[in-house]
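Below is one structure, written out as structure tokens, with a few remarks after it.
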Amino acid sequence: MGGTTFEMRQCRFVFCGAEDDEPFSVLLPVEPAPTLQVVRSHFPFEGRFHFRLQEVTSGGNYVWRDLVDESTVIPIDALLKVLQVSSTPEEYPVYSSQVDNTNELESFQRSFRESYDDSACSGDHERSSKGSNKQPQQQSSSAAPQLNALWKNTKHHLNKTTAKVWETVEFTAGRYFGSQSGAEKPTAAALQNLAAASALSRTPFSDSNRDHMDQIRRLWGAVVGDSGRPFARTSPVWVDEGGFPSDDPGATFKAHGVLALHALAFFTDVHRSASDEMRRGGYAYATEGLQVVSILVEVLDLDSGRFLERDEVYWKVFEDPIGWYELFSVAFHAHHTFWRQQGKGASSTSTSSTSTRDRSFQPSPLDLTKQFVCRLLMQAPKTVQDVVTLADTIY
């Protein structure tokens, strides 16, 4: 493949108090040499963090050096210890003197359990959660009665299909109020895969990135099938057969992140029969797929990184490297089923706004897809096979 390639390298991280766990990795650019500031910009979780660099001593042991200067160059194959000192981004830098008097294990245990306060996040930190930062304890005393009241006031307007919305409410409440028995935090293996998905969701597409180009070639090959048409980076085929909004899919993935590219490439390639049927379904295949990716990112809190602190019954699914992608696959196929049930002209992107819904509270295919995902996860799947089996029982 011609042209200049954009090389990346791994930077490994462990959290304070969990040094024996498997490190998770984040890709950093090789050129220019990454600094502490670059590490912060690529770190996939929200909050304010202090980093320590592992350095080997002459005696074969190692020490952890506090990183304070944002211009410090991070060496190749670096292992960084992460200490979260605030749950929300802050304007001022964190100095080593603020960390030295902190018990690391206590701070680690507290940092991923503490609630988000009401203070506003800095405007230049785009990765802050869009949701409320109020404490879950406060939500449980005020939000739950409001949800119950809303449900009682509208229940008589809902038909059998829209009644499933309540299951979504129960799922959302369980996320914050810990109502699901058997819930636990993600294991190291699940955390590594979730962190990778979170990082991909924040990474814009780049033509100079070899992995991005490999994925888009994979998607092209799955779309055109055995026709033998040569790869075209921009082509009307992306619109006519791929369902993209323009003939430049790269522009779409620059806006939405390459997690959607990986997901569409996986589904279109691995599940070709279903994909071929869905691309003839009468809706914009890729555009709707992007919306399904957004649903999963929201439900799993990949955008905010809060999956670190959530006790859930379904994290074991994501110990499998393809767990997230198979969940996307069944969710995307469910969306196709809901679209067909509502008939032609029911494109979810055109009906998801409440201002355009009819007075019968007819949910859009995207609404139903989100409810489907929540119901599926509430069944506590443990493996990819569980995901597929449970999906068949829901719709």
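We label chains A, B, ... in the order they appear in the structure tokens, count residues from 1 in each chain, and number ligands from 1 in the order shown.
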
Exercise. Excluding stretch 186-192 of chain A and residues on its chain fewer than 3 positions from it, collect all residues at most 7 Å away from it, counting only C-alpha atoms, and give them as a ChimeraX atom specification.
Key: /A:21-22,24,195-196,315-316,318-319

Requested write-out: C-alpha atoms of the selected residues, as a compact mmCIF listing (two decimals), in the first residue's frame:
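Output below, filename selection29.txt:
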# COMPACT_ATOMS: atom_id res chain seq x y z
CA ASP A 21 -3.75 -6.88 37.23
CA GLU A 22 -3.13 -7.11 33.51
CA PHE A 24 -4.39 -2.13 29.52
CA ALA A 195 -11.10 0.30 27.34
CA ALA A 196 -10.04 -0.53 23.79
CA TRP A 315 -19.44 -7.72 32.08
CA LYS A 316 -18.16 -11.28 31.54
CA PHE A 318 -16.71 -8.57 27.22
CA GLU A 319 -13.90 -10.85 28.36

Quiz item: What gap, in Å, lies between atom CA of A:Arg202 and atom CA of A:Trp220?
Solution: 22.5 Å

Quiz item: Skipping near chain neighbours, those fewer than 5 positions away, what residues fall within 8 Å of A:Leu261 using only C-alpha atoms, listed as a PyMOL selection string?
Solution: chain A and resi 215-216+253

Practice problem: Could you please determine the separation between atom CA of A:Lys185 and atom CA of A:Ala334 in Å, to one decimal place? | Solution: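 Rounded to one decimal, the two atoms are 27.3 Å apart.
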
Quiz prompt | Separation of atom CA of A:Thr337 from atom CA of A:Ala380 in Å | solution =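 Value for the atom CA of A:Ala380-atom CA of A:Thr337 distance: 22.7 Å.
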
Quiz item: Using only C-alpha atoms, which residues sit within 7 Å of stretch 74-77 of chain A once same-chain residues fewer than 5 positions away are excluded, as a PyMOL selection string?
Solution: chain A and resi 10-11+34-36

Self-check item: Who sits within 7 Å of stretch 310-313 of chain A, only C-alpha atoms, same chain under 4 positions skipped, as a PyMOL selection string
Solution: chain A and resi 175+182-185+306+380

Quiz prompt | Given only C-alpha atoms as the counted atoms, nearest of A:Gly281, A:Leu376, A:Pro381, A:Thr369 to A:Tyr314 | solution = A:Pro381

Using only C-alpha atoms, find each residue in stretch 265-299 of chain A having at least one atom no more than 10 Å away from stretch 321-333 of chain A; report its shortest atom-to-atom pair and that distance in Å (one decimal), rows by chain then rising number, as a Markdown table.
| residue | atom | partner | partner_atom | distance |
| --- | --- | --- | --- | --- |
| A:Ala265 | CA | A:Tyr325 | CA | 9.8 |
| A:Phe266 | CA | A:Tyr325 | CA | 7.0 |
| A:Phe267 | CA | A:Ser329 | CA | 5.8 |
| A:Thr268 | CA | A:Ser329 | CA | 9.1 |
| A:Val270 | CA | A:Ser329 | CA | 9.5 |
| A:His271 | CA | A:Ser329 | CA | 8.1 |
| A:Ala274 | CA | A:His333 | CA | 7.5 |
| A:Ser275 | CA | A:His333 | CA | 8.5 |
| A:Met278 | CA | A:His333 | CA | 7.9 |
| A:Tyr285 | CA | A:Phe332 | CA | 9.7 |
| A:Glu288 | CA | A:Phe332 | CA | 8.3 |
| A:Gly289 | CA | A:Phe332 | CA | 6.5 |
| A:Leu290 | CA | A:Phe332 | CA | 9.6 |
| A:Gln291 | CA | A:Phe332 | CA | 9.3 |
| A:Val292 | CA | A:Phe332 | CA | 6.2 |
| A:Val293 | CA | A:Phe328 | CA | 6.8 |
| A:Ile295 | CA | A:Ala331 | CA | 9.3 |
| A:Leu296 | CA | A:Phe328 | CA | 7.3 |

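Shortest atom-to-atom contact with A:Trp64 among A:Leu200, A:Leu79, A:Leu219, A:Ala33: A:Leu79, counting only C-alpha atoms.
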